[in-house]
Structures are given as C-alpha cells and as structure tokens.
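> Before anything else, here's the structure in question.
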Amino acid sequence: MNIRKFLLPAVAAFSVVAGAQNSEVLRPVYAAYTLEAGSSHVAETYLSPLHYDGWTAALRYERAQAMKFAPEQWHMELGGRLALDRTLNRPARNVEEWRLNLELEWGMMHKWRMPEGVSLLAGGFTRLDAGVFYLAKNSNNPAAAKASWTLGPRIGAIWTHRFGRLPVMLRYSADLPMAGVFFSPAYGELYYEIYLGNHSGLVRGAWPGNFFRFDNDLTVDLRFGATGLRVGYRACVFSSKASHIVTRTVSHTFIFGITGEWLSVNRDKSFEPSLKIISAY
C-alpha cells in the first residue's frame with residue numbers, strides 16, 4: 001500500500017510532463033524578400049502647391065511566425081520597407097522632387113480556418129514611419145521631414161491550394177491606422193527655427209480625419225521546394241493635414257521576390273521528430 005501511494009502520484013506527474021512535451025510544437029519562420037516598382041503621385045504643400053508624378057521603388061522584408069500561445073489561431077507579423085520616389089511637376093515636368101521613406105511595423109493576427117483551404121485573418125498592427133521630401137529648387141527650405149507612429153486594425157484572407165505538385169498561396173491584406181501621433185511644423189515655419197528652439201505644436205494627434213492611410217496587398221506565393229516565388233500588387237493611399245500643410249501620396253506597385261520557410265534549431269537541445277509543425281499561414 002505504501003508503494004502504491006508513492007507510485008501513483010509519480011506516474012501521474014510523469015504523464016503531465018510527457019503530455020506537456022508532446023504538446024510542444026515547432027513554429028517555422030515564413031519570410032519574404034521583395035522588390036517593388038511602380039508609379040507615385042505626390043502633393044506636399046509645405047514645399048510646393050504643385051502636384052508631382054513619377055516612379056517609386058522599394059525594398060521590403062516580411063516575416064510571420066505562429067505565436068507560442070495558441071499557435072494554430074494566432075501569429076505575429078514583422079516587416080520593414082525602404083522606398084524611394086522620383087517625381088516631376090505637372091504639366092511642365094521640368095522640376096524634380098525626391099522622397100525617401102522608411103517603415104517598420106509589427107502586428108498580431110487571429111486566423112479562422114474555413115472550408116476549401118480558405119483562412120480569414122483579423123488583428124492589429126503598429127507602425128513607425130520616417131522620411132523626407134526634397135525639392136532642389138527651394139534653395140531656402142528644400143526639405144520636408146515626415147515621422148509618425150500609428151496603430152490600427154488589419155484584416156486579410158488566405159487561400160491555399162495545390163496545382164499538381166505545386167503549392168500556391170493567395171493572400172490579401174489591408175490595414176487602416178486609427179490613432180497615433182505625427183510630426184508637422186507650422187505652415188511656413190523653417191527648420192532652422194525649430195533648431196533654434198521653436199518646438200511648440202510639432203507633434204499632432206493622428207486619426208483618420210487628419211491622417212488617413214489605406215494599404216492593400218495582394219500576393220501569390222508559388223512554392224518550389226524550400227523556397228518560393230512571390231508576385232503581387234500593392235496600392236497605398238495616404239493623406240495628412242495639419243497647420244494648413246497637406247501631404248498626399250498615392251502609389252501603385254508591382255511586387256516581385258522570393259519567400260522561404262525555415263526552423264531555428266538549438267543544437268544543444270534534442271526534439272522528437274514527431275513534434276507538430278505549425279506554420280503562420
């Protein structure tokens with residue numbers, strides 16, 4: 001009887017530990033390295049009342065990974081994008097304006113699996129954005145700095161299918177910032193005045209009424225073994241207004257790049273080959 005009193009709790013404890021180990025999953029990272037190229041339409045009234053049209057190009061990195069908690073339902077998304085625009089005034093097209101912009105973002109998405117390989121996504125994101133417009137003809141004040149931090153909802157959908165031996169994933173994603181802050185000087189205020197100490201009113205609260213941005217991404221991933229090919233389309237509409245300064249950008253770009261999925265394995269830690277693998281998508 002005494003042996004049974006000690007044996008039964010030990011067996012129960014071992015079962016709990018074994019069950020916890022078996023419940024562990026492997027969460028591969030799904031990453032994409034892409035190049036974007038297309039058209040850009042810009043208006044920046046701090047520098048000029050004219051509209052400018054031209055081209056835009058960008059380098060973009062994205063990664064997604066299932067979360068440790070509820071990995072089949074939740075995943076995180078991390079990304080960075082560096083864009084360069086060159087535009088000309090219209091209709092004369094004799095003055096060029098440049099724009100350089102960097103974006104860093106993080107989001108978390110919930111996934112609902114539907115029939116026929118369809119999954120619906122909904123969650124939120126936060127984004128840091130910094131850049132500059134440059135108009136060489138404005139010798140007195142040729143640059144306009146931009147910076148913002150925003151957060152808002154993101155929705156999406158995924159359709160996965162196999163055409164013969166070729167796995168294909170069609171993904172749509174859209175987001176809209178709803179709150180945050182952004183930088184904006186007063187109309188006609190020189191950056192030299194800011195340098196001298198005029199810092200009042202430079203940070204504004206952001207909401208869709210004065211800071212509107214709508215991003216749409218539609219991509220197709222073709223998986224050729226461990227790596228894949230991504231092609232797609234991206235449309236972004238942005239508009240901000242503060243202190244009588246209006247900034248508008250509209251871009252349409254074609255997406256082309258490579259994707260891959262890999263596992264990070266600790267050599268000092270063994271794992272069972274039968275562990276479940278859960279991909280973000």
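Lettering and numbering for the structure tokens are positional, with chains as A, B, ... in the shown order, residues counted from 1 in each chain, and ligands counted from 1 in the shown order.
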Hey, what does DSSP flag as helix (DSSP H, G or I) within segment 83-260 of chain A? Can you give it to me as a PyMOL selection string?
chain A and resi 115-117+191-195
> Selection from above, all heavy atoms, as a short mmCIF file (atom, residue, chain, number, x, y, z; two decimals), in the first residue's frame, can you write it?

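Writing the result to selection-v6.cif gives the following:
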```
data_model
loop_
_atom_site.label_atom_id
_atom_site.label_comp_id
_atom_site.auth_asym_id
_atom_site.auth_seq_id
_atom_site.Cartn_x
_atom_site.Cartn_y
_atom_site.Cartn_z
N PRO A 115 -13.62 26.26 -44.98
CA PRO A 115 -13.52 25.16 -45.96
C PRO A 115 -12.76 25.58 -47.21
O PRO A 115 -12.55 26.76 -47.47
CB PRO A 115 -14.99 24.84 -46.27
CG PRO A 115 -15.77 25.40 -45.13
CD PRO A 115 -15.02 26.60 -44.67
N GLU A 116 -12.36 24.59 -47.99
CA GLU A 116 -11.73 24.79 -49.29
C GLU A 116 -10.39 25.54 -49.20
O GLU A 116 -10.03 26.30 -50.11
CB GLU A 116 -12.68 25.53 -50.25
CG GLU A 116 -14.01 24.87 -50.45
CD GLU A 116 -13.89 23.48 -51.06
OE1 GLU A 116 -12.92 23.27 -51.82
OE2 GLU A 116 -14.75 22.64 -50.79
N GLY A 117 -9.65 25.37 -48.10
CA GLY A 117 -8.32 25.98 -47.98
C GLY A 117 -8.31 27.47 -47.73
O GLY A 117 -7.28 28.13 -47.92
N TYR A 191 12.88 74.99 -40.71
CA TYR A 191 13.51 74.02 -39.82
C TYR A 191 14.64 74.66 -39.00
O TYR A 191 14.98 74.17 -37.93
CB TYR A 191 14.02 72.82 -40.62
CG TYR A 191 12.89 71.93 -41.07
CD1 TYR A 191 12.26 72.13 -42.30
CD2 TYR A 191 12.43 70.90 -40.26
CE1 TYR A 191 11.21 71.32 -42.71
CE2 TYR A 191 11.38 70.09 -40.66
CZ TYR A 191 10.78 70.31 -41.89
OH TYR A 191 9.72 69.50 -42.28
N TYR A 192 15.16 75.75 -39.49
CA TYR A 192 16.16 76.48 -38.71
C TYR A 192 15.53 77.07 -37.46
O TYR A 192 16.16 77.12 -36.39
CB TYR A 192 16.79 77.58 -39.57
CG TYR A 192 17.88 78.35 -38.86
CD1 TYR A 192 19.09 77.73 -38.54
CD2 TYR A 192 17.70 79.68 -38.50
CE1 TYR A 192 20.09 78.43 -37.88
CE2 TYR A 192 18.69 80.39 -37.85
CZ TYR A 192 19.89 79.76 -37.54
OH TYR A 192 20.89 80.46 -36.88
N GLU A 193 14.28 77.49 -37.57
CA GLU A 193 13.57 78.00 -36.38
C GLU A 193 13.34 76.88 -35.38
O GLU A 193 13.44 77.11 -34.16
CB GLU A 193 12.23 78.61 -36.81
CG GLU A 193 12.36 79.81 -37.72
CD GLU A 193 11.02 80.30 -38.23
OE1 GLU A 193 10.03 79.53 -38.12
OE2 GLU A 193 10.96 81.42 -38.72
N ILE A 194 13.06 75.68 -35.85
CA ILE A 194 12.92 74.53 -34.95
C ILE A 194 14.25 74.23 -34.27
O ILE A 194 14.31 73.95 -33.07
CB ILE A 194 12.40 73.31 -35.73
CG1 ILE A 194 11.02 73.60 -36.32
CG2 ILE A 194 12.35 72.08 -34.83
CD1 ILE A 194 10.49 72.50 -37.21
N TYR A 195 15.32 74.33 -35.04
CA TYR A 195 16.66 74.10 -34.49
C TYR A 195 16.99 75.11 -33.39
O TYR A 195 17.64 74.78 -32.40
CB TYR A 195 17.68 74.17 -35.62
CG TYR A 195 19.11 74.15 -35.16
CD1 TYR A 195 19.72 72.97 -34.73
CD2 TYR A 195 19.88 75.33 -35.16
CE1 TYR A 195 21.04 72.95 -34.31
CE2 TYR A 195 21.19 75.32 -34.74
CZ TYR A 195 21.77 74.13 -34.31
OH TYR A 195 23.08 74.12 -33.88
#
```
> If you take only C-alpha atoms and a cut-off of 8 Å, which residues of segment 135-205 of chain A touch segment 78-98 of chain A, and what are their nearest atom pairs and distances in Å to one decimal, in chain and number order, as CSV?

```
residue,atom,partner,partner_atom,distance
A:Leu135,CA,A:Glu97,CA,4.8
A:Ala136,CA,A:Glu97,CA,7.2
A:Lys137,CA,A:Val95,CA,7.4
```
> Store the residues picked out above in a file with all heavy atoms, as an mmCIF file, in the first residue's frame.

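Below is the file selection.cif, written as the result:
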```
data_model
loop_
_atom_site.group_PDB
_atom_site.id
_atom_site.type_symbol
_atom_site.label_atom_id
_atom_site.label_comp_id
_atom_site.auth_asym_id
_atom_site.auth_seq_id
_atom_site.Cartn_x
_atom_site.Cartn_y
_atom_site.Cartn_z
ATOM 1 N N LEU A 135 13.053 68.994 -52.489
ATOM 2 C CA LEU A 135 12.767 69.762 -53.703
ATOM 3 C C LEU A 135 13.933 70.729 -53.898
ATOM 4 O O LEU A 135 14.051 71.730 -53.186
ATOM 5 C CB LEU A 135 11.451 70.521 -53.565
ATOM 6 C CG LEU A 135 10.885 71.183 -54.814
ATOM 7 C CD1 LEU A 135 10.586 70.161 -55.898
ATOM 8 C CD2 LEU A 135 9.618 71.965 -54.471
ATOM 9 N N ALA A 136 14.796 70.427 -54.854
ATOM 10 C CA ALA A 136 16.055 71.152 -55.004
ATOM 11 C C ALA A 136 15.851 72.627 -55.346
ATOM 12 O O ALA A 136 16.668 73.472 -54.974
ATOM 13 C CB ALA A 136 16.920 70.486 -56.074
ATOM 14 N N LYS A 137 14.784 72.969 -56.049
ATOM 15 C CA LYS A 137 14.606 74.355 -56.483
ATOM 16 C C LYS A 137 14.312 75.292 -55.303
ATOM 17 O O LYS A 137 14.483 76.500 -55.421
ATOM 18 C CB LYS A 137 13.482 74.441 -57.514
ATOM 19 C CG LYS A 137 12.084 74.394 -56.927
ATOM 20 C CD LYS A 137 11.051 74.874 -57.940
ATOM 21 C CE LYS A 137 9.690 75.047 -57.294
ATOM 22 N NZ LYS A 137 8.716 75.658 -58.208
#
```
> What's the 12 Å shell around Asp175 of chain A, counting only C-alpha atoms, without same-chain residues fewer than 5 positions away, as a JSON list (two decimals) with all heavy atoms, in the first residue's frame?

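Output contents, as saved in out_18.json:
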```
[["chain", "number", "residue", "atom", "x", "y", "z"],
["A", 105, "GLU", "N", 7.16, 47.88, -38.92],
["A", 105, "GLU", "CA", 5.85, 47.56, -38.36],
["A", 105, "GLU", "C", 5.83, 46.18, -37.72],
["A", 105, "GLU", "O", 6.64, 45.30, -38.05],
["A", 105, "GLU", "CB", 4.77, 47.65, -39.44],
["A", 105, "GLU", "CG", 4.96, 46.71, -40.62],
["A", 105, "GLU", "CD", 3.88, 46.90, -41.67],
["A", 105, "GLU", "OE1", 3.43, 48.03, -41.86],
["A", 105, "GLU", "OE2", 3.49, 45.90, -42.29],
["A", 107, "GLY", "N", 2.70, 43.34, -36.09],
["A", 107, "GLY", "CA", 1.28, 43.07, -35.92],
["A", 107, "GLY", "C", 1.04, 41.68, -35.39],
["A", 107, "GLY", "O", 1.92, 40.82, -35.40],
["A", 109, "MET", "N", -2.12, 38.64, -35.58],
["A", 109, "MET", "CA", -3.33, 38.28, -36.31],
["A", 109, "MET", "C", -3.94, 37.00, -35.78],
["A", 109, "MET", "O", -3.23, 36.07, -35.38],
["A", 109, "MET", "CB", -3.00, 38.11, -37.80],
["A", 109, "MET", "CG", -2.32, 39.29, -38.45],
["A", 109, "MET", "SD", -3.39, 40.72, -38.59],
["A", 109, "MET", "CE", -4.52, 40.17, -39.87],
["A", 121, "LEU", "N", -8.35, 36.37, -41.63],
["A", 121, "LEU", "CA", -7.43, 36.95, -40.66],
["A", 121, "LEU", "C", -7.95, 38.29, -40.18],
["A", 121, "LEU", "O", -8.52, 39.07, -40.95],
["A", 121, "LEU", "CB", -6.05, 37.16, -41.29],
["A", 121, "LEU", "CG", -5.38, 35.97, -41.97],
["A", 121, "LEU", "CD1", -4.10, 36.43, -42.65],
["A", 121, "LEU", "CD2", -5.10, 34.86, -40.97],
["A", 122, "ALA", "N", -7.75, 38.55, -38.88],
["A", 122, "ALA", "CA", -8.10, 39.85, -38.32],
["A", 122, "ALA", "C", -7.24, 40.09, -37.09],
["A", 122, "ALA", "O", -6.95, 39.17, -36.33],
["A", 122, "ALA", "CB", -9.59, 39.92, -37.94],
["A", 123, "GLY", "N", -6.79, 41.32, -36.94],
["A", 123, "GLY", "CA", -5.95, 41.64, -35.79],
["A", 123, "GLY", "C", -5.58, 43.11, -35.81],
["A", 123, "GLY", "O", -6.34, 43.96, -36.28],
["A", 124, "GLY", "N", -4.41, 43.43, -35.27],
["A", 124, "GLY", "CA", -3.97, 44.81, -35.19],
["A", 124, "GLY", "C", -2.49, 44.93, -35.52],
["A", 124, "GLY", "O", -1.77, 43.94, -35.60],
["A", 125, "PHE", "N", -2.05, 46.18, -35.72],
["A", 125, "PHE", "CA", -0.65, 46.44, -36.07],
["A", 125, "PHE", "C", -0.24, 47.78, -35.49],
["A", 125, "PHE", "O", -1.08, 48.62, -35.13],
["A", 125, "PHE", "CB", -0.46, 46.45, -37.59],
["A", 125, "PHE", "CG", -0.97, 47.71, -38.24],
["A", 125, "PHE", "CD1", -0.12, 48.75, -38.54],
["A", 125, "PHE", "CD2", -2.33, 47.86, -38.53],
["A", 125, "PHE", "CE1", -0.59, 49.92, -39.11],
["A", 125, "PHE", "CE2", -2.82, 49.01, -39.10],
["A", 125, "PHE", "CZ", -1.94, 50.05, -39.40],
["A", 126, "THR", "N", 1.07, 47.99, -35.41],
["A", 126, "THR", "CA", 1.63, 49.30, -35.08],
["A", 126, "THR", "C", 2.77, 49.57, -36.04],
["A", 126, "THR", "O", 3.48, 48.64, -36.46],
["A", 126, "THR", "CB", 2.10, 49.35, -33.62],
["A", 126, "THR", "OG1", 2.57, 50.68, -33.33],
["A", 126, "THR", "CG2", 3.20, 48.35, -33.35],
["A", 127, "ARG", "N", 2.95, 50.85, -36.41],
["A", 127, "ARG", "CA", 3.93, 51.20, -37.45],
["A", 127, "ARG", "C", 4.68, 52.47, -37.08],
["A", 127, "ARG", "O", 4.11, 53.45, -36.62],
["A", 127, "ARG", "CB", 3.21, 51.40, -38.78],
["A", 127, "ARG", "CG", 4.14, 51.80, -39.92],
["A", 127, "ARG", "CD", 3.38, 52.13, -41.18],
["A", 127, "ARG", "NE", 2.75, 50.96, -41.78],
["A", 127, "ARG", "CZ", 1.45, 50.87, -42.07],
["A", 127, "ARG", "NH1", 0.65, 51.89, -41.79],
["A", 127, "ARG", "NH2", 0.95, 49.78, -42.61],
["A", 150, "THR", "N", 1.78, 55.05, -35.51],
["A", 150, "THR", "CA", 0.34, 54.80, -35.57],
["A", 150, "THR", "C", 0.04, 53.34, -35.25],
["A", 150, "THR", "O", 0.93, 52.48, -35.27],
["A", 150, "THR", "CB", -0.21, 55.11, -36.98],
["A", 150, "THR", "OG1", 0.54, 54.39, -37.97],
["A", 150, "THR", "CG2", -0.13, 56.60, -37.27],
["A", 151, "LEU", "N", -1.22, 53.08, -34.96],
["A", 151, "LEU", "CA", -1.70, 51.72, -34.75],
["A", 151, "LEU", "C", -3.14, 51.63, -35.21],
["A", 151, "LEU", "O", -3.87, 52.63, -35.24],
["A", 151, "LEU", "CB", -1.58, 51.28, -33.30],
["A", 151, "LEU", "CG", -2.43, 51.98, -32.24],
["A", 151, "LEU", "CD1", -2.52, 51.12, -30.98],
["A", 151, "LEU", "CD2", -1.84, 53.33, -31.86],
["A", 152, "GLY", "N", -3.56, 50.42, -35.57],
["A", 152, "GLY", "CA", -4.91, 50.25, -36.06],
["A", 152, "GLY", "C", -5.21, 48.80, -36.41],
["A", 152, "GLY", "O", -4.39, 47.90, -36.19],
["A", 153, "PRO", "N", -6.37, 48.55, -37.01],
["A", 153, "PRO", "CA", -6.77, 47.18, -37.36],
["A", 153, "PRO", "C", -6.18, 46.74, -38.69],
["A", 153, "PRO", "O", -5.89, 47.54, -39.57],
["A", 153, "PRO", "CB", -8.29, 47.28, -37.44],
["A", 153, "PRO", "CG", -8.53, 48.69, -37.87],
["A", 153, "PRO", "CD", -7.45, 49.52, -37.26],
["A", 154, "ARG", "N", -6.05, 45.43, -38.83],
["A", 154, "ARG", "CA", -5.60, 44.81, -40.08],
["A", 154, "ARG", "C", -6.46, 43.59, -40.34],
["A", 154, "ARG", "O", -6.74, 42.82, -39.42],
["A", 154, "ARG", "CB", -4.13, 44.43, -40.00],
["A", 154, "ARG", "CG", -3.63, 43.64, -41.21],
["A", 154, "ARG", "CD", -2.13, 43.40, -41.09],
["A", 154, "ARG", "NE", -1.38, 44.64, -41.27],
["A", 154, "ARG", "CZ", -0.09, 44.78, -41.01],
["A", 154, "ARG", "NH1", 0.60, 43.75, -40.55],
["A", 154, "ARG", "NH2", 0.52, 45.93, -41.22],
["A", 155, "ILE", "N", -6.89, 43.42, -41.57],
["A", 155, "ILE", "CA", -7.68, 42.25, -41.95],
["A", 155, "ILE", "C", -7.02, 41.58, -43.15],
["A", 155, "ILE", "O", -6.17, 42.18, -43.83],
["A", 155, "ILE", "CB", -9.14, 42.62, -42.29],
["A", 155, "ILE", "CG1", -9.18, 43.57, -43.49],
["A", 155, "ILE", "CG2", -9.85, 43.22, -41.09],
["A", 155, "ILE", "CD1", -10.57, 43.83, -44.02],
["A", 156, "GLY", "N", -7.40, 40.34, -43.39],
["A", 156, "GLY", "CA", -6.83, 39.64, -44.52],
["A", 156, "GLY", "C", -7.52, 38.32, -44.79],
["A", 156, "GLY", "O", -8.42, 37.90, -44.05],
["A", 212, "PHE", "N", -4.86, 59.93, -42.82],
["A", 212, "PHE", "CA", -5.54, 58.79, -43.42],
["A", 212, "PHE", "C", -4.55, 57.99, -44.25],
["A", 212, "PHE", "O", -3.83, 58.54, -45.09],
["A", 212, "PHE", "CB", -6.70, 59.25, -44.31],
["A", 212, "PHE", "CG", -7.39, 58.13, -45.02],
["A", 212, "PHE", "CD1", -8.40, 57.42, -44.40],
["A", 212, "PHE", "CD2", -7.03, 57.78, -46.32],
["A", 212, "PHE", "CE1", -9.05, 56.38, -45.07],
["A", 212, "PHE", "CE2", -7.66, 56.75, -46.99],
["A", 212, "PHE", "CZ", -8.67, 56.04, -46.36],
["A", 213, "ARG", "N", -4.53, 56.69, -44.03],
["A", 213, "ARG", "CA", -3.69, 55.81, -44.84],
["A", 213, "ARG", "C", -4.38, 54.47, -45.00],
["A", 213, "ARG", "O", -4.85, 53.88, -44.02],
["A", 213, "ARG", "CB", -2.32, 55.61, -44.19],
["A", 213, "ARG", "CG", -1.46, 54.59, -44.93],
["A", 213, "ARG", "CD", -0.05, 54.56, -44.43],
["A", 213, "ARG", "NE", 0.72, 53.47, -45.04],
["A", 213, "ARG", "CZ", 2.02, 53.33, -44.95],
["A", 213, "ARG", "NH1", 2.74, 54.21, -44.26],
["A", 213, "ARG", "NH2", 2.63, 52.32, -45.52],
["A", 214, "PHE", "N", -4.43, 54.00, -46.24],
["A", 214, "PHE", "CA", -5.07, 52.72, -46.53],
["A", 214, "PHE", "C", -4.14, 51.91, -47.41],
["A", 214, "PHE", "O", -3.85, 52.29, -48.55],
["A", 214, "PHE", "CB", -6.41, 52.94, -47.21],
["A", 214, "PHE", "CG", -7.23, 51.69, -47.37],
["A", 214, "PHE", "CD1", -7.41, 50.81, -46.32],
["A", 214, "PHE", "CD2", -7.83, 51.39, -48.58],
["A", 214, "PHE", "CE1", -8.16, 49.66, -46.46],
["A", 214, "PHE", "CE2", -8.59, 50.25, -48.74],
["A", 214, "PHE", "CZ", -8.75, 49.38, -47.67],
["A", 215, "ASP", "N", -3.65, 50.79, -46.88],
["A", 215, "ASP", "CA", -2.74, 49.90, -47.60],
["A", 215, "ASP", "C", -3.47, 48.65, -48.05],
["A", 215, "ASP", "O", -4.23, 48.06, -47.27],
["A", 215, "ASP", "CB", -1.57, 49.49, -46.70],
["A", 215, "ASP", "CG", -0.46, 50.51, -46.70],
["A", 215, "ASP", "OD1", 0.24, 50.63, -47.71],
["A", 215, "ASP", "OD2", -0.30, 51.20, -45.67],
["A", 216, "ASN", "N", -3.20, 48.21, -49.27],
["A", 216, "ASN", "CA", -3.75, 46.97, -49.81],
["A", 216, "ASN", "C", -2.63, 46.16, -50.44],
["A", 216, "ASN", "O", -1.86, 46.70, -51.25],
["A", 216, "ASN", "CB", -4.81, 47.25, -50.88],
["A", 216, "ASN", "CG", -6.07, 47.85, -50.31],
["A", 216, "ASN", "OD1", -7.02, 47.13, -50.00],
["A", 216, "ASN", "ND2", -6.10, 49.16, -50.17],
["A", 217, "ASP", "N", -2.54, 44.90, -50.07],
["A", 217, "ASP", "CA", -1.55, 44.00, -50.66],
["A", 217, "ASP", "C", -2.25, 42.75, -51.17],
["A", 217, "ASP", "O", -3.05, 42.14, -50.45],
["A", 217, "ASP", "CB", -0.51, 43.58, -49.63],
["A", 217, "ASP", "CG", 0.52, 44.67, -49.39],
["A", 217, "ASP", "OD1", 0.14, 45.69, -48.78],
["A", 217, "ASP", "OD2", 1.67, 44.50, -49.80],
["A", 235, "ALA", "N", -1.25, 48.74, -53.38],
["A", 235, "ALA", "CA", -1.77, 50.09, -53.54],
["A", 235, "ALA", "C", -1.80, 50.76, -52.17],
["A", 235, "ALA", "O", -2.25, 50.16, -51.19],
["A", 235, "ALA", "CB", -3.18, 50.06, -54.14],
["A", 236, "CYS", "N", -1.30, 51.97, -52.11],
["A", 236, "CYS", "CA", -1.27, 52.72, -50.85],
["A", 236, "CYS", "C", -1.76, 54.14, -51.10],
["A", 236, "CYS", "O", -1.24, 54.84, -51.98],
["A", 236, "CYS", "CB", 0.14, 52.74, -50.27],
["A", 236, "CYS", "SG", 0.27, 53.64, -48.70],
["A", 237, "VAL", "N", -2.73, 54.56, -50.30],
["A", 237, "VAL", "CA", -3.28, 55.92, -50.37],
["A", 237, "VAL", "C", -3.02, 56.58, -49.02],
["A", 237, "VAL", "O", -3.39, 56.04, -47.97],
["A", 237, "VAL", "CB", -4.78, 55.91, -50.68],
["A", 237, "VAL", "CG1", -5.34, 57.33, -50.68],
["A", 237, "VAL", "CG2", -5.05, 55.22, -52.00],
["A", 238, "PHE", "N", -2.38, 57.74, -49.04],
["A", 238, "PHE", "CA", -2.05, 58.45, -47.80],
["A", 238, "PHE", "C", -2.40, 59.92, -47.93],
["A", 238, "PHE", "O", -2.19, 60.54, -48.99],
["A", 238, "PHE", "CB", -0.57, 58.32, -47.47],
["A", 238, "PHE", "CG", -0.12, 59.20, -46.34],
["A", 238, "PHE", "CD1", -0.41, 58.87, -45.02],
["A", 238, "PHE", "CD2", 0.56, 60.39, -46.60],
["A", 238, "PHE", "CE1", -0.01, 59.70, -43.99],
["A", 238, "PHE", "CE2", 0.96, 61.22, -45.56],
["A", 238, "PHE", "CZ", 0.67, 60.87, -44.26]]
```
> Which is closest to Leu222 of chain A among A:Gly209, A:Pro167, A:Pro71, A:Gly180, if we use only C-alpha atoms?
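Closest to Leu222 of chain A, using only C-alpha atoms: A:Pro167.
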> Kindly indicate which residue among A:Leu275, A:Ile245, A:Val118, A:Met76 lies nearest to Pro185 of chain A, using only C-alpha atoms for the distances.
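The shortest atom-to-atom distance to Pro185 of chain A comes from A:Ile245.
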> As a ChimeraX atom specification, please: every residue in segment 180-241 of chain A that a backbone DSSP assignment puts in strand (DSSP E or B).
/A:180-183,203-206,211-224,227-241
> Within 12 Å of Lys241 of chain A, counting only C-alpha atoms, which residues qualify if same-chain residues fewer than 3 places away don't, as a short mmCIF file (atom, residue, chain, number, x, y, z; two decimals) with N, CA and C atoms, in the first residue's frame?

```cif
data_model
loop_
_atom_site.label_atom_id
_atom_site.label_comp_id
_atom_site.auth_asym_id
_atom_site.auth_seq_id
_atom_site.Cartn_x
_atom_site.Cartn_y
_atom_site.Cartn_z
N ALA A 43 1.74 65.15 -53.55
CA ALA A 43 1.49 66.56 -53.31
C ALA A 43 1.98 66.88 -51.90
N GLU A 44 2.90 67.83 -51.79
CA GLU A 44 3.46 68.25 -50.49
C GLU A 44 3.47 69.77 -50.46
N THR A 45 2.43 70.38 -49.87
CA THR A 45 2.25 71.82 -49.96
C THR A 45 3.22 72.62 -49.10
N TYR A 46 3.93 71.97 -48.20
CA TYR A 46 4.99 72.68 -47.47
C TYR A 46 6.09 73.12 -48.42
N PHE A 182 1.94 62.26 -35.15
CA PHE A 182 2.80 62.53 -36.29
C PHE A 182 3.41 63.92 -36.17
N PHE A 183 4.52 64.10 -36.86
CA PHE A 183 5.28 65.35 -36.81
C PHE A 183 4.81 66.29 -37.92
N SER A 184 4.61 67.56 -37.56
CA SER A 184 4.25 68.55 -38.56
C SER A 184 4.60 69.94 -38.06
N PRO A 185 5.44 70.68 -38.78
CA PRO A 185 5.70 72.07 -38.39
C PRO A 185 4.53 72.96 -38.80
N ALA A 186 4.58 74.23 -38.39
CA ALA A 186 3.57 75.19 -38.82
C ALA A 186 3.83 75.59 -40.27
N TYR A 187 2.80 76.07 -40.94
CA TYR A 187 2.94 76.47 -42.33
C TYR A 187 3.94 77.62 -42.44
N ARG A 204 1.43 66.14 -33.43
CA ARG A 204 -0.03 66.19 -33.56
C ARG A 204 -0.63 64.81 -33.33
N GLY A 205 -1.81 64.78 -32.77
CA GLY A 205 -2.53 63.52 -32.66
C GLY A 205 -3.04 63.07 -34.02
N ALA A 206 -2.94 61.78 -34.30
CA ALA A 206 -3.34 61.25 -35.60
C ALA A 206 -4.63 60.45 -35.47
N TRP A 207 -5.55 60.71 -36.37
CA TRP A 207 -6.78 59.93 -36.51
C TRP A 207 -7.20 60.04 -37.97
N PRO A 208 -8.13 59.21 -38.46
CA PRO A 208 -8.43 59.21 -39.90
C PRO A 208 -8.88 60.55 -40.45
N GLY A 209 -9.32 61.48 -39.60
CA GLY A 209 -9.73 62.79 -40.09
C GLY A 209 -8.57 63.66 -40.53
N ASN A 210 -7.38 63.51 -39.92
CA ASN A 210 -6.24 64.33 -40.32
C ASN A 210 -5.03 63.50 -40.75
N PHE A 211 -5.15 62.17 -40.63
CA PHE A 211 -4.04 61.28 -41.00
C PHE A 211 -4.66 59.98 -41.51
N PHE A 212 -4.86 59.93 -42.82
CA PHE A 212 -5.54 58.79 -43.42
C PHE A 212 -4.55 57.99 -44.25
N PHE A 238 -2.38 57.74 -49.04
CA PHE A 238 -2.05 58.45 -47.80
C PHE A 238 -2.40 59.92 -47.93
N HIS A 244 -2.47 73.83 -42.07
CA HIS A 244 -2.62 74.22 -43.47
C HIS A 244 -1.58 73.58 -44.38
N ILE A 245 -0.92 72.53 -43.91
CA ILE A 245 0.01 71.78 -44.74
C ILE A 245 -0.66 70.46 -45.12
N VAL A 246 -0.75 70.20 -46.41
CA VAL A 246 -1.39 68.99 -46.91
C VAL A 246 -0.33 68.12 -47.58
N THR A 247 -0.32 66.85 -47.21
CA THR A 247 0.56 65.87 -47.83
C THR A 247 -0.29 64.73 -48.36
N ARG A 248 -0.12 64.42 -49.64
CA ARG A 248 -0.86 63.31 -50.25
C ARG A 248 0.10 62.48 -51.10
#
```
> Show which residues sit within 8 Å of segment 27-39 of chain A, as a PyMOL selection string. Count only C-alpha atoms, and ignore same-chain residues fewer than 4 positions away.
chain A and resi 53-67+71+230+251-264+277-280
> Measuring atom to atom with only C-alpha atoms, identify which of A:Gly232, A:Pro49, A:Val42, A:Ala70 is nearest to Val25 of chain A.
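Of the candidates, the smallest distance to Val25 of chain A is held by A:Ala70.
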> Hey, which of A:Arg165, A:Arg113, A:His75, A:His199 ends up closest to Gly225 of chain A? Count only C-alpha atoms.
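Using only C-alpha atoms, the shortest distance to Gly225 of chain A belongs to A:Arg165.
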> Atom CA of Tyr172 of chain A to atom CA of Val250 of chain A: how many Å, to one decimal?
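These two atoms are separated by 19.0 Å.
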> Between A:Arg234, A:Ser239, A:Leu100, A:Glu72, single out the one closest to Trp112 of chain A, counting only C-alpha atoms.
A:Glu72
> I need the residue nearest Val203 of chain A from this list: A:His41, A:Lys146, A:Arg223, A:Arg171. Use only C-alpha atoms for the distance.
A:Lys146
